[in-house]
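**Student:** Pasting a structure below so you can have a look.
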Amino acid sequence: MTVTKYWQAINQALHEEMARDDSVIVIGEDVAAPGGPFAATKGLLESFGPDRVRDTPISEAAIVGAALGAAMAGYRPVVEVMFLDFVTVAMDQVVNQAAKVSYMSAGNFSAPMVIRSICASGRRTGPQHAQNLEAWLAHVPGLKVVWGSTPADAKALLKAAIRDDGPVYVIESLAEWSTRAEVAEGEEIVPIGSAAVRHEGEDLTVVTWGGAAPRVATAVDLVHDVSVEVIDLRTISPWDRETVLGSVRKTGRLLVVHDAVVEFGVGAEIAATVATECFDQLRAPVRRLGAPYAPAPFAPQLEEAYLPHPEAITREITRTVQTVRNAS
Amino acid sequence: MSSAVDGADTGALTTDPTTDLHEAGPELVQLLTPEGERVDHARFTFGAGLSAEEEAERIRGFYRDMALVRRLDVEATALQRHGELGLWAQLLGQEAAQIGAGRALRPQDFVFPTYREHGVAWCRGVDPVELLGLFRGVDQGAWDPKANNFGLYTIVIGAQTLHAVGYAMGVQRDGHVGTGDPERDTAVVAHFGDGASSQGDVNEAFVFAASYNAPVVFFCQNNQWAISEPIERQTRIPLYQRAKGFGFPGVRVDGNDVLATHAVMEAALQRARDGQGPTFVEAYTYRMGAHTTTDDPTRYRLSDELEQWKLKDPIERVKAYLTRNGLVDQAFLAEVDEEAEALGRRLREGCHALPDPHVLDVFDQVYAEQTEELAEQKAGYAAYLDTFEPEAAR
């Protein structure tokens, strides 16, 4: 184990997978000569050459579409769509094409491809660069969506995504870009679909992922009178029902915390599933905490208020635990 | 040459040896050389119908505009470096392209900018402090597009070209094209760059504009670099030649020559106002600065290139022309310098004075009319804030 920054962990995963498998290629805007706008692809051009590390014209739809074609031809392309917000320009290729290839070819074609995007939420990048769009992607059958909140998970999930035989969307947190933590050198894969229990507890289950996960960790450190179990989902779709349902059956309470707007979000999917599957064990209403139903603002003080703050999370934890059923 | 595989004659399929991407060539419209010499062009003239004094006055005006927007750019860059702005997209080197295009507009024309058109905003009368509000992050771009017919900065590359075509189709539908009334006939400008030329949106905008003969001018500032990607990554032919494939004229103008850019844009805008349809104008220029203040161009391009382009500086050539021909005196140049200093001070003070938004503003203007749900969320958040010490929360 070595102490590694979040972005370096991503960079390591790309180096290791490209060295392991000749069919892995990297394409995107600014990925080759400059090593990526945020250095995630640094050194790949030097190590693997311009055939396998390609700068492209500025067209997200064309990048994803061409990568899909390359995947059909037997490559394992890793596409960089610079910011998660920009996938909107390529939605036809992601939703109607890549995610449908296997289904519509009766399994004759597959699309072993990865699309990586930074979520710049929390970095004052505003309405068109700071959106948490994981619910859009998770709503598409055929597409897997992962999001590592730690350097180790960012690396291990990217490796798993590259080895997956279908399209996987990998979201990365710009707010964690320089966070350092221990990361395994070489082989460590986090299976897609497995959550991590970050903190064990008895009174309440908090499910979180991505950019909200570090703030949940801070919040839990501030709570002393409630025993909180924290689950970092890591894979948004398909999500780890077993771990989440098992935890809620034990604690009887659930709070979902994410940075996306609450409305129509992934939290609703988890809440609904828990309400159905854990009805007899629930001791309080399931709660969700996320951003208000408004675009992400530029201003620091607004974005600070916009995203679930540790203080807001601790209050929601207390509120959930203090809810008492009326004995009517 | 024949294919060894199946005997097909591939020699029949050759690429037309077309103009080099970087050779200016005879197609480049230039009216003022980098050395400051006026030259003639067969199709475009600057200053037709103006008296010698009127012409000199206009060129002095261009010099003043360019000097001031350069100062605006330098000041905003400095404000970003001092932490007063979150970001700044520099226009350094593109002053002639923007002032030439901006000063060819009539009040009723409408402009759809990228995020770098500070010089065009200047020509439209948008207060530059309002531009700073966006880059300071105290708002999301708060100038009123209808006040100066200058649209909002568009961050997703190329999206605005489709908006421009739609707006132009509306102008057409309103009957503000081809009436012969100089105060009524309207043109629309879609600004974009060489990088955006690869976007689907831009190509679809070309198709729509041609199909509907929309009164739009596609003004592409080919500044050679899309962040780190050189023009060769975007195209194999000079960009202006693409227009032919879509069915409208394309012209390449020296974007560092304010006289040529103005002359070409005047013609293209008039063509649109007259109802003759779209034109593609490629302003051949150079991004002398970084893509934005987050970018470091020394990572991907050679300093030699920048040095070469410094010799083609858009402001220096106008200054040389005016000075050599006795059209300005030292007093005028000193006056512009003082004006630039005053602008710099005004920007610094204006930037510092921009009010911070209130936290509860985040709930506003999400919809044209606030929904009940959002009003409840806003009230709930206000109540949450009220549980803190007033100073700490607000």
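In the structure tokens, the first chain shown is A, the next is B, and so on; residue numbers restart at 1 for each chain, and ligands run from 1 in the order shown.
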For chain A, which residues have at least one atom within 10 Å of chain B, if we go by only C-alpha atoms? Write them as an mmCIF file with C-alpha atoms, in the first residue's frame, please.
**Tutor:**
```cif
data_model
loop_
_atom_site.group_PDB
_atom_site.id
_atom_site.type_symbol
_atom_site.label_atom_id
_atom_site.label_comp_id
_atom_site.auth_asym_id
_atom_site.auth_seq_id
_atom_site.Cartn_x
_atom_site.Cartn_y
_atom_site.Cartn_z
ATOM 1 C CA GLU A 29 -10.458 15.645 -25.618
ATOM 2 C CA ASP A 30 -7.018 16.683 -24.340
ATOM 3 C CA VAL A 31 -6.215 13.189 -23.051
ATOM 4 C CA ALA A 32 -2.992 12.572 -24.986
ATOM 5 C CA ALA A 33 -0.385 15.345 -25.242
ATOM 6 C CA PRO A 34 -1.459 17.343 -22.169
ATOM 7 C CA GLY A 35 -2.289 14.205 -20.191
ATOM 8 C CA GLY A 36 -5.878 15.197 -19.567
ATOM 9 C CA PRO A 37 -7.342 18.463 -18.335
ATOM 10 C CA PHE A 38 -6.877 17.239 -14.762
ATOM 11 C CA ASP A 55 -6.920 13.176 -28.793
ATOM 12 C CA THR A 56 -10.157 13.797 -30.641
ATOM 13 C CA PRO A 57 -12.091 16.613 -32.257
ATOM 14 C CA ILE A 58 -14.460 18.392 -29.875
ATOM 15 C CA SER A 59 -17.595 16.304 -30.204
ATOM 16 C CA GLU A 60 -18.782 14.238 -27.285
ATOM 17 C CA ALA A 61 -21.369 12.438 -29.414
ATOM 18 C CA ALA A 62 -18.706 11.472 -31.930
ATOM 19 C CA ASP A 85 -22.602 17.569 -17.630
ATOM 20 C CA PHE A 86 -21.213 17.116 -21.141
ATOM 21 C CA THR A 88 -25.894 15.348 -22.310
ATOM 22 C CA VAL A 89 -24.363 16.110 -25.720
ATOM 23 C CA ALA A 90 -23.741 12.390 -26.240
ATOM 24 C CA ARG A 123 -15.784 23.204 -6.916
ATOM 25 C CA ARG A 124 -17.784 26.323 -7.741
ATOM 26 C CA THR A 125 -18.253 25.395 -11.368
ATOM 27 C CA GLY A 126 -21.904 26.286 -11.659
ATOM 28 C CA PRO A 127 -25.048 25.060 -13.378
ATOM 29 C CA GLN A 128 -23.392 23.445 -16.420
ATOM 30 C CA HIS A 129 -20.314 21.872 -14.810
ATOM 31 C CA PRO A 292 -32.639 21.565 -3.411
ATOM 32 C CA TYR A 293 -34.463 21.296 -6.704
ATOM 33 C CA ALA A 294 -32.427 24.073 -8.323
ATOM 34 C CA PRO A 295 -29.393 24.222 -10.607
ATOM 35 C CA ALA A 296 -25.966 24.133 -8.975
ATOM 36 C CA PRO A 297 -24.896 27.732 -8.285
ATOM 37 C CA PHE A 298 -21.475 29.245 -8.937
ATOM 38 C CA ALA A 299 -21.158 31.314 -5.757
ATOM 39 C CA PRO A 300 -19.150 29.592 -3.000
ATOM 40 C CA GLN A 301 -21.595 30.497 -0.270
ATOM 41 C CA LEU A 302 -24.514 29.271 -2.362
ATOM 42 C CA GLU A 303 -22.901 25.995 -3.303
ATOM 43 C CA GLU A 304 -21.925 25.505 0.326
ATOM 44 C CA ALA A 305 -25.592 25.810 1.202
ATOM 45 C CA TYR A 306 -26.710 23.820 -1.828
ATOM 46 C CA ALA A 312 -27.279 19.419 8.029
#
```
**Student:** For the atom pair atom CA of A:Leu245 and atom CA of A:Cys278, what is the interatomic distance in Å to one decimal place?
**Tutor:**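 Atom CA of A:Cys278 lies at a distance of 7.0 Å from atom CA of A:Leu245.
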**Student:** For A:Val244, please output as a count of residues only all residues within 12 Å (counting only C-alpha atoms; exclusion window: fewer than 2 positions along the same chain).
**Tutor:** 37
**Student:** Pick out the closest residue to B:Val69 from this set: B:Asp144, B:Glu55, B:Asp127, B:Glu27. Count only C-alpha atoms.
**Tutor:**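 Under the stated criterion, the closest residue is B:Asp127.
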**Student:** Closest to B:Gly326 among B:Glu53, B:Phe62, B:Ala168, B:Pro113, using only C-alpha atoms?
**Tutor:**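 Ranking B:Glu53, B:Phe62, B:Ala168, B:Pro113 by distance to B:Gly326, first place goes to B:Glu53.
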**Student:** If we count only C-alpha atoms and set the cut-off at 6 Å, which residues sit around A:Ile118, ignoring sequence neighbours fewer than 2 positions away in its own chain? Please answer as a list in words.
**Tutor:**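 Final neighbour list, sorted by chain and number: Phe83, Leu84, Ala120, Ile171, Glu172, Ser173 and Leu174 of chain A.
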**Student:** Give me, as a PyMOL selection string, all polymer residues having an atom no more than 10 Å from B:Ala214, counting only C-alpha atoms and skipping those fewer than 5 positions away in the same chain.
**Tutor:** chain B and resi 164-173+177+187-188+206+208-209+272-273+275-279
**Student:** Kindly give the distance, in Å, that separates atom CA of A:Glu16 and atom CA of A:Tyr75, rounded to a single decimal.
**Tutor:**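 Result for atom CA of A:Glu16 versus atom CA of A:Tyr75: 16.2 Å, one decimal.
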**Student:** Could you write out, as a PyMOL selection string, all the residues of stretch 108-320 of chain A that DSSP marks as strand (DSSP E or B)?
**Tutor:** chain A and resi 114-119+144-147+168-173+180-183+196-199+204-208+228-232+235-237+254-261+287-291
**Student:** What's the separation between atom CA of B:Thr261 and atom CA of B:Leu21, in Å to one decimal place?
**Tutor:** 18.8 Å
**Student:** Considering only C-alpha atoms, state which residue in the set A:Val226, A:Leu157, A:Val321, A:Leu137 is at the smallest distance from A:Ala9.
**Tutor:** A:Leu157
**Student:** Skipping near chain neighbours, those fewer than 5 positions away, what residues fall within 10 Å of B:Arg242 using only C-alpha atoms, listed as a list in words?
**Tutor:**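 After dropping sequence-adjacent residues, the list is Ser197, Asn203, Phe206, Thr235, Ile237, Gly247, Phe248, Pro249, Gly250 and Phe280 of chain B.
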**Student:** Pick the closest to A:Glu17 from A:Ala152, A:Ala135, A:Glu188, A:Val3: which is it, counting only C-alpha atoms?
**Tutor:** A:Glu188
**Student:** Taking the backbone alone, and naming residues the way the document does, which bits of stretch 236-367 of chain B are helix (DSSP H, G or I) by DSSP, as a ChimeraX atom specification?
**Tutor:** /B:239-246,258-273,297-299,303-310,314-324,330-353,359-363
**Student:** Neighbours of B:His163 within 9 Å (only C-alpha atoms; same-chain residues fewer than 6 positions away dropped), as a ChimeraX atom specification?
**Tutor:** /B:112,190,205
**Student:** For those residues, write N, CA, C and O atoms to a file as a compact mmCIF listing (two decimals), in the first residue's frame.
**Tutor:**
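Written out: selection.txt:
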```
# COMPACT_ATOMS: atom_id res chain seq x y z
N PHE B 112 -25.07 35.95 -30.52
CA PHE B 112 -24.96 34.79 -29.64
C PHE B 112 -23.48 34.50 -29.40
O PHE B 112 -22.79 34.00 -30.29
N ALA B 190 -23.68 34.17 -34.95
CA ALA B 190 -23.34 33.03 -34.11
C ALA B 190 -21.82 32.99 -33.96
O ALA B 190 -21.10 32.77 -34.94
N ALA B 205 -26.44 23.28 -37.26
CA ALA B 205 -26.81 24.69 -37.43
C ALA B 205 -26.57 25.13 -38.87
O ALA B 205 -27.38 25.85 -39.46
```
